[in-house]
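Just final-v2.txt here, compact mmCIF, C-alpha atoms:
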# COMPACT_ATOMS: atom_id res chain seq x y z
CA MET L 1 172.69 63.22 48.34
CA ASP L 2 171.94 59.95 46.59
CA ASN L 3 168.34 59.17 45.78
CA GLY L 4 167.09 55.74 44.78
CA ASP L 5 164.07 57.23 43.00
CA LEU L 6 166.23 58.80 40.29
CA THR L 7 167.30 56.95 37.18
CA PRO L 8 170.15 54.47 37.74
CA GLY L 9 173.49 56.21 38.06
CA SER L 10 171.94 59.61 38.72
CA HIS L 11 173.17 61.59 41.67
CA VAL L 12 171.77 64.82 43.13
CA GLU L 13 174.26 67.49 44.10
CA ILE L 14 173.27 70.51 46.18
CA ILE L 15 175.80 73.23 45.34
CA PRO L 16 175.99 77.03 45.27
CA ALA L 17 174.34 78.73 42.30
CA THR L 18 175.87 81.66 40.41
CA TRP L 19 174.86 84.17 37.76
CA ARG L 20 175.93 81.55 35.21
CA ASP L 21 172.78 79.62 36.14
CA LEU L 22 170.49 82.40 34.88
CA THR L 23 169.15 80.62 31.78
CA ALA L 24 168.50 77.36 33.61
CA LEU L 25 166.87 79.24 36.49
CA GLN L 26 164.58 81.07 34.05
CA ARG L 27 163.41 77.69 32.69
CA LEU L 28 162.86 76.36 36.21
CA GLU L 29 160.89 79.46 37.26
CA LYS L 30 158.57 79.20 34.24
CA ALA L 31 158.05 75.46 34.77
CA CYS L 32 157.41 75.77 38.50
CA PHE L 33 155.60 79.07 38.90
CA THR L 34 154.11 79.84 35.43
CA GLU L 35 152.25 83.13 35.85
CA ASP L 36 154.07 83.96 39.11
CA SER L 37 157.56 83.41 37.66
CA TRP L 38 160.07 86.15 38.34
CA PRO L 39 161.27 88.52 35.64
CA ILE L 40 164.91 88.31 34.55
CA TRP L 41 165.97 91.26 36.77
CA ASP L 42 164.74 89.53 39.92
CA LEU L 43 166.52 86.34 38.89
CA LEU L 44 169.76 88.25 38.30
CA GLY L 45 169.38 89.84 41.72
CA VAL L 46 168.83 86.57 43.55
CA LEU L 47 171.87 85.12 41.77
CA SER L 48 174.20 88.03 42.45
CA LEU L 49 173.19 90.20 45.43
CA PRO L 50 175.13 89.86 48.69
CA ASN L 51 173.65 88.15 51.76
CA VAL L 52 171.70 85.62 49.69
CA VAL L 53 172.12 81.90 50.24
CA ARG L 54 171.57 80.49 46.74
CA LEU L 55 171.71 76.79 46.07
CA LYS L 56 170.89 74.58 43.12
CA ALA L 57 170.10 70.90 42.83
CA VAL L 58 171.91 69.33 39.90
CA VAL L 59 171.20 65.93 38.31
CA ASP L 60 173.27 64.80 35.34
CA LYS L 61 174.69 68.34 34.96
CA GLN L 62 171.17 69.82 34.75
CA LEU L 63 169.70 72.32 37.25
CA VAL L 64 166.54 70.63 38.54
CA GLY L 65 165.91 72.65 41.71
CA PHE L 66 166.73 75.99 43.29
CA ILE L 67 166.37 77.77 46.63
CA ALA L 68 167.32 81.25 47.78
CA GLY L 69 167.40 82.65 51.30
CA ASP L 70 167.73 86.42 51.67
CA GLU L 71 169.48 87.14 54.98
CA ARG L 72 168.27 90.46 56.36
CA ASN L 73 170.59 91.32 59.22
CA SER L 74 168.75 94.56 60.05
CA SER L 75 165.60 92.61 60.94
CA ASN L 76 167.46 89.51 62.22
CA LEU L 77 165.61 87.15 59.89
CA THR L 78 165.99 85.38 56.57
CA TRP L 79 163.31 85.14 53.91
CA ILE L 80 163.23 82.01 51.77
CA VAL L 81 162.30 83.92 48.64
CA THR L 82 161.98 80.95 46.30
CA LEU L 83 162.10 77.17 46.32
CA GLY L 84 161.29 75.20 43.19
CA VAL L 85 161.90 71.76 41.73
CA LEU L 86 161.19 70.85 38.11
CA PRO L 87 157.99 68.77 37.88
CA PRO L 88 159.66 65.51 36.69
CA TYR L 89 161.97 65.63 39.74
CA ARG L 90 159.34 66.26 42.42
CA ARG L 91 158.59 63.80 45.23
CA MET L 92 162.20 62.58 45.21
CA GLY L 93 163.42 64.50 48.25
CA ILE L 94 165.12 67.28 46.27
CA GLY L 95 163.05 70.12 47.76
CA ARG L 96 163.67 68.69 51.23
CA ALA L 97 167.44 68.50 50.56
CA LEU L 98 167.52 72.08 49.24
CA LEU L 99 165.62 73.41 52.25
CA ALA L 100 167.79 71.51 54.74
CA GLU L 101 171.03 72.70 53.15
CA CYS L 102 169.81 76.29 52.88
CA GLU L 103 168.76 76.32 56.54
CA SER L 104 172.17 74.93 57.55
CA ARG L 105 173.84 77.94 55.90
CA ILE L 106 171.60 80.58 57.50
CA SER L 107 173.05 82.32 60.52
CA LEU L 108 170.01 84.33 61.61
CA PRO L 109 167.54 83.05 64.23
CA ALA L 110 164.29 83.31 62.26
CA ILE L 111 163.31 82.16 58.78
CA ARG L 112 160.15 83.23 56.98
CA LEU L 113 158.55 82.35 53.68
CA THR L 114 155.30 82.65 51.81
CA VAL L 115 153.40 79.86 50.12
CA ARG L 116 150.18 79.67 48.14
CA ARG L 117 147.31 78.57 50.35
CA SER L 118 146.51 75.79 47.83
CA ASN L 119 150.07 74.38 47.65
CA GLU L 120 149.46 71.44 49.95
CA ALA L 121 152.70 69.61 49.10
CA ALA L 122 154.82 72.65 49.99
CA LEU L 123 152.81 73.27 53.17
CA ARG L 124 153.43 69.68 54.30
CA LEU L 125 157.16 70.05 53.65
CA TYR L 126 157.39 73.31 55.59
CA GLN L 127 155.35 71.91 58.49
CA GLU L 128 157.68 68.88 58.64
CA PHE L 129 160.57 71.34 58.97
CA GLY L 130 158.88 73.15 61.86
CA TYR L 131 157.44 76.21 60.09
CA GLN L 132 154.26 77.66 61.57
CA GLN L 133 151.77 80.07 60.06
CA ILE L 134 152.11 83.59 61.44
CA GLY L 135 149.99 85.51 58.96
CA VAL L 136 148.13 85.77 55.66
CA TRP L 137 148.77 88.17 52.80
CA ALA L 138 145.40 88.43 51.10
CA ASN L 139 145.29 88.28 47.28
CA TYR L 140 149.10 88.14 47.11
CA TYR L 141 149.53 85.84 44.13
CA ILE L 142 148.30 86.26 40.58
CA GLY L 143 144.76 84.97 40.51
CA LYS L 144 144.15 86.68 43.88
CA GLU L 145 145.17 83.64 45.90
CA ASP L 146 146.28 84.30 49.46
CA ALA L 147 149.85 83.74 50.61
CA LEU L 148 150.35 82.07 53.94
CA VAL L 149 153.29 83.55 55.84
CA LEU L 150 155.23 80.88 57.71
CA GLU L 151 158.07 81.23 60.20
CA LYS L 152 160.58 78.98 61.88
CA LYS L 153 162.89 79.81 64.77
CA GLN L 154 166.34 78.26 64.42
CA ALA L 155 168.04 76.92 67.50
CA GLY L 156 171.66 77.85 68.03
CA THR L 157 171.76 80.83 65.66
CA GLY L 158 171.98 84.53 66.08

Whole structure, structure tokens version:
Amino acid sequence: MDNGDLTPGSHVEIIPATWRDLTALQRLEKACFTEDSWPIWDLLGVLSLPNVVRLKAVVDKQLVGFIAGDERNSSNLTWIVTLGVLPPYRRMGIGRALLAECESRISLPAIRLTVRRSNEAALRLYQEFGYQQIGVWANYYIGKEDALVLEKKQAGTG
């Protein structure tokens, strides 16, 4: 993916992430989710457990975005468990590129995710991709903010 909004000569690559990305992912989590950032054990899990689609966005050899989709064959759905882009790289299409690539690698027919009710930018992105609200988890996030549960049915999967 090339993006004209990045500095001249910069190029965004969407590639698989590995456990070697742990330190960079920790920085991204803290920058994107502050009080809701995952502890190191959860990050290790998302980077190493089977049946997880894990992708990173890289600009100038730096991890600037990350997405993980946990494929749960027993329930025939995938949970997008995290999607984050470092603040200086937002509004450049990186989150959109990560979500599109992750979805293209998911083989199950339904995808779900949660998002803070107040995260209007993320809600717009998910709605553009066809996600619809199917529920609310009250007081889910730190600060007692509700999580909206969104779902998308994928055509041609399953």

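Shortest atom-to-atom contact with Arg54 in chain L among L:Trp79, L:Trp38, L:Tyr140, L:Phe129: L:Trp79, counting all atoms listed in the file.
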
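Closest approach to Gly45 in chain L among L:Ser104, L:Asn73, L:Thr18, L:Asn119: L:Thr18, based on only C-alpha atoms.
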
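Comparing L:Tyr126, L:Trp137, L:Phe66, L:Tyr131 by their smallest distance to Asp21 in chain L, the closest is L:Phe66 (using all atoms listed in the file).
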
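Comparing L:Ala110, L:Val115, L:Leu22, L:Ala121 by their smallest distance to Tyr141 in chain L, the closest is L:Val115 (using only C-alpha atoms).
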
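Here CA of Phe33 in chain L is placed at a distance of 28.0 Å from CA of Ser107 in chain L.
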
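The residue set within 12 Å of Asn139 in chain L, counting all atoms listed in the file and dropping same-chain residues fewer than 6 places from it, reads Arg116, Arg117, Glu145, Asp146, Ala147 and Leu148 of chain L.
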
Now that the selection is made, can you save its residues with C-alpha atoms as a short mmCIF file (atom, residue, chain, number, x, y, z; two decimals), in the coordinates of the input?
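The result, stored in again_11.cif:
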data_model
loop_
_atom_site.label_atom_id
_atom_site.label_comp_id
_atom_site.auth_asym_id
_atom_site.auth_seq_id
_atom_site.Cartn_x
_atom_site.Cartn_y
_atom_site.Cartn_z
CA ARG L 116 150.18 79.67 48.14
CA ARG L 117 147.31 78.57 50.35
CA GLU L 145 145.17 83.64 45.90
CA ASP L 146 146.28 84.30 49.46
CA ALA L 147 149.85 83.74 50.61
CA LEU L 148 150.35 82.07 53.94
#

Interatomic distance (Å, one decimal) between CA of Asn76 in chain L and CA of Gly135 in chain L:
18.2 Å

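One distance worth recording is that between CA of Leu28 in chain L and CA of Arg72 in chain L, which is 25.2 Å.
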
Do a neighbour search on Glu128 in chain L at 10 Å with all atoms listed in the file, toss out local chain neighbours closer than 5 positions, and write the hits as a ChimeraX atom specification.
/L:96,122-123

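Nearest to Thr78 in chain L of all the residues L:Leu99, L:Leu55, L:Ile111, L:Leu49 is L:Ile111, based on only C-alpha atoms.
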
Between L:Ile15, L:Thr82, L:Val64, L:Leu125, single out the one closest to Leu43 in chain L, counting only C-alpha atoms.
L:Thr82

Near-Glu103 in chain L list (10 Å; all atoms listed in the file; drop same-chain fewer than 5 positions) as a ChimeraX atom specification
/L:53,69,78,80,97-98,108,111,129,154

Output of the above residues as a PDB file, in the frame of the given file, restricted to C-alpha atoms:
ATOM      1  CA  VAL L  53     172.120  81.900  50.240  1.00  0.00           C
ATOM      2  CA  GLY L  69     167.400  82.650  51.300  1.00  0.00           C
ATOM      3  CA  THR L  78     165.990  85.380  56.570  1.00  0.00           C
ATOM      4  CA  ILE L  80     163.230  82.010  51.770  1.00  0.00           C
ATOM      5  CA  ALA L  97     167.440  68.500  50.560  1.00  0.00           C
ATOM      6  CA  LEU L  98     167.520  72.080  49.240  1.00  0.00           C
ATOM      7  CA  LEU L 108     170.010  84.330  61.610  1.00  0.00           C
ATOM      8  CA  ILE L 111     163.310  82.160  58.780  1.00  0.00           C
ATOM      9  CA  PHE L 129     160.570  71.340  58.970  1.00  0.00           C
ATOM     10  CA  GLN L 154     166.340  78.260  64.420  1.00  0.00           C
TER      11      GLN L 154
END

Could N, CA and C atoms be built for range 20-43 of chain L and written out as a PDB file, in the frame of the given file?
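In the end it all went to part.pdb:
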ATOM      1  N   ARG L  20     175.842  82.410  36.396  1.00  0.00           N
ATOM      2  CA  ARG L  20     175.930  81.550  35.210  1.00  0.00           C
ATOM      3  C   ARG L  20     174.741  80.597  35.078  1.00  0.00           C
ATOM      4  N   ASP L  21     173.954  80.491  36.143  1.00  0.00           N
ATOM      5  CA  ASP L  21     172.780  79.620  36.140  1.00  0.00           C
ATOM      6  C   ASP L  21     171.512  80.350  35.689  1.00  0.00           C
ATOM      7  N   LEU L  22     171.653  81.570  35.210  1.00  0.00           N
ATOM      8  CA  LEU L  22     170.490  82.400  34.880  1.00  0.00           C
ATOM      9  C   LEU L  22     169.534  81.720  33.899  1.00  0.00           C
ATOM     10  N   THR L  23     170.028  81.214  32.796  1.00  0.00           N
ATOM     11  CA  THR L  23     169.150  80.620  31.780  1.00  0.00           C
ATOM     12  C   THR L  23     168.417  79.405  32.331  1.00  0.00           C
ATOM     13  N   ALA L  24     169.129  78.546  33.026  1.00  0.00           N
ATOM     14  CA  ALA L  24     168.500  77.360  33.610  1.00  0.00           C
ATOM     15  C   ALA L  24     167.488  77.751  34.675  1.00  0.00           C
ATOM     16  N   LEU L  25     167.797  78.793  35.454  1.00  0.00           N
ATOM     17  CA  LEU L  25     166.870  79.240  36.490  1.00  0.00           C
ATOM     18  C   LEU L  25     165.608  79.837  35.867  1.00  0.00           C
ATOM     19  N   GLN L  26     165.753  80.547  34.752  1.00  0.00           N
ATOM     20  CA  GLN L  26     164.580  81.070  34.050  1.00  0.00           C
ATOM     21  C   GLN L  26     163.654  79.919  33.638  1.00  0.00           C
ATOM     22  N   ARG L  27     164.223  78.856  33.097  1.00  0.00           N
ATOM     23  CA  ARG L  27     163.410  77.690  32.690  1.00  0.00           C
ATOM     24  C   ARG L  27     162.710  77.080  33.894  1.00  0.00           C
ATOM     25  N   LEU L  28     163.439  76.935  34.997  1.00  0.00           N
ATOM     26  CA  LEU L  28     162.860  76.360  36.210  1.00  0.00           C
ATOM     27  C   LEU L  28     161.720  77.231  36.721  1.00  0.00           C
ATOM     28  N   GLU L  29     161.927  78.529  36.781  1.00  0.00           N
ATOM     29  CA  GLU L  29     160.890  79.460  37.260  1.00  0.00           C
ATOM     30  C   GLU L  29     159.610  79.324  36.438  1.00  0.00           C
ATOM     31  N   LYS L  30     159.747  79.301  35.115  1.00  0.00           N
ATOM     32  CA  LYS L  30     158.570  79.200  34.240  1.00  0.00           C
ATOM     33  C   LYS L  30     157.867  77.848  34.423  1.00  0.00           C
ATOM     34  N   ALA L  31     158.643  76.790  34.587  1.00  0.00           N
ATOM     35  CA  ALA L  31     158.050  75.460  34.770  1.00  0.00           C
ATOM     36  C   ALA L  31     157.371  75.314  36.120  1.00  0.00           C
ATOM     37  N   CYS L  32     157.938  75.939  37.151  1.00  0.00           N
ATOM     38  CA  CYS L  32     157.410  75.770  38.500  1.00  0.00           C
ATOM     39  C   CYS L  32     156.319  76.775  38.852  1.00  0.00           C
ATOM     40  N   PHE L  33     156.467  78.005  38.398  1.00  0.00           N
ATOM     41  CA  PHE L  33     155.600  79.070  38.900  1.00  0.00           C
ATOM     42  C   PHE L  33     154.751  79.744  37.818  1.00  0.00           C
ATOM     43  N   THR L  34     154.868  79.320  36.588  1.00  0.00           N
ATOM     44  CA  THR L  34     154.110  79.840  35.430  1.00  0.00           C
ATOM     45  C   THR L  34     153.838  81.336  35.547  1.00  0.00           C
ATOM     46  N   GLU L  35     152.598  81.703  35.852  1.00  0.00           N
ATOM     47  CA  GLU L  35     152.250  83.130  35.850  1.00  0.00           C
ATOM     48  C   GLU L  35     152.940  83.925  36.966  1.00  0.00           C
ATOM     49  N   ASP L  36     153.394  83.267  38.010  1.00  0.00           N
ATOM     50  CA  ASP L  36     154.070  83.960  39.110  1.00  0.00           C
ATOM     51  C   ASP L  36     155.591  83.965  38.950  1.00  0.00           C
ATOM     52  N   SER L  37     156.102  83.484  37.816  1.00  0.00           N
ATOM     53  CA  SER L  37     157.560  83.410  37.660  1.00  0.00           C
ATOM     54  C   SER L  37     158.174  84.807  37.672  1.00  0.00           C
ATOM     55  N   TRP L  38     159.377  84.869  38.196  1.00  0.00           N
ATOM     56  CA  TRP L  38     160.070  86.150  38.340  1.00  0.00           C
ATOM     57  C   TRP L  38     160.595  86.643  37.002  1.00  0.00           C
ATOM     58  N   PRO L  39     160.618  87.958  36.823  1.00  0.00           N
ATOM     59  CA  PRO L  39     161.270  88.520  35.640  1.00  0.00           C
ATOM     60  C   PRO L  39     162.791  88.365  35.747  1.00  0.00           C
ATOM     61  N   ILE L  40     163.459  88.532  34.620  1.00  0.00           N
ATOM     62  CA  ILE L  40     164.910  88.310  34.550  1.00  0.00           C
ATOM     63  C   ILE L  40     165.674  89.158  35.571  1.00  0.00           C
ATOM     64  N   TRP L  41     165.238  90.383  35.837  1.00  0.00           N
ATOM     65  CA  TRP L  41     165.970  91.260  36.770  1.00  0.00           C
ATOM     66  C   TRP L  41     165.945  90.704  38.185  1.00  0.00           C
ATOM     67  N   ASP L  42     164.811  90.142  38.588  1.00  0.00           N
ATOM     68  CA  ASP L  42     164.740  89.530  39.920  1.00  0.00           C
ATOM     69  C   ASP L  42     165.632  88.296  39.995  1.00  0.00           C
ATOM     70  N   LEU L  43     165.666  87.525  38.912  1.00  0.00           N
ATOM     71  CA  LEU L  43     166.520  86.340  38.890  1.00  0.00           C
ATOM     72  C   LEU L  43     167.993  86.732  38.961  1.00  0.00           C
TER      73      LEU L  43
END
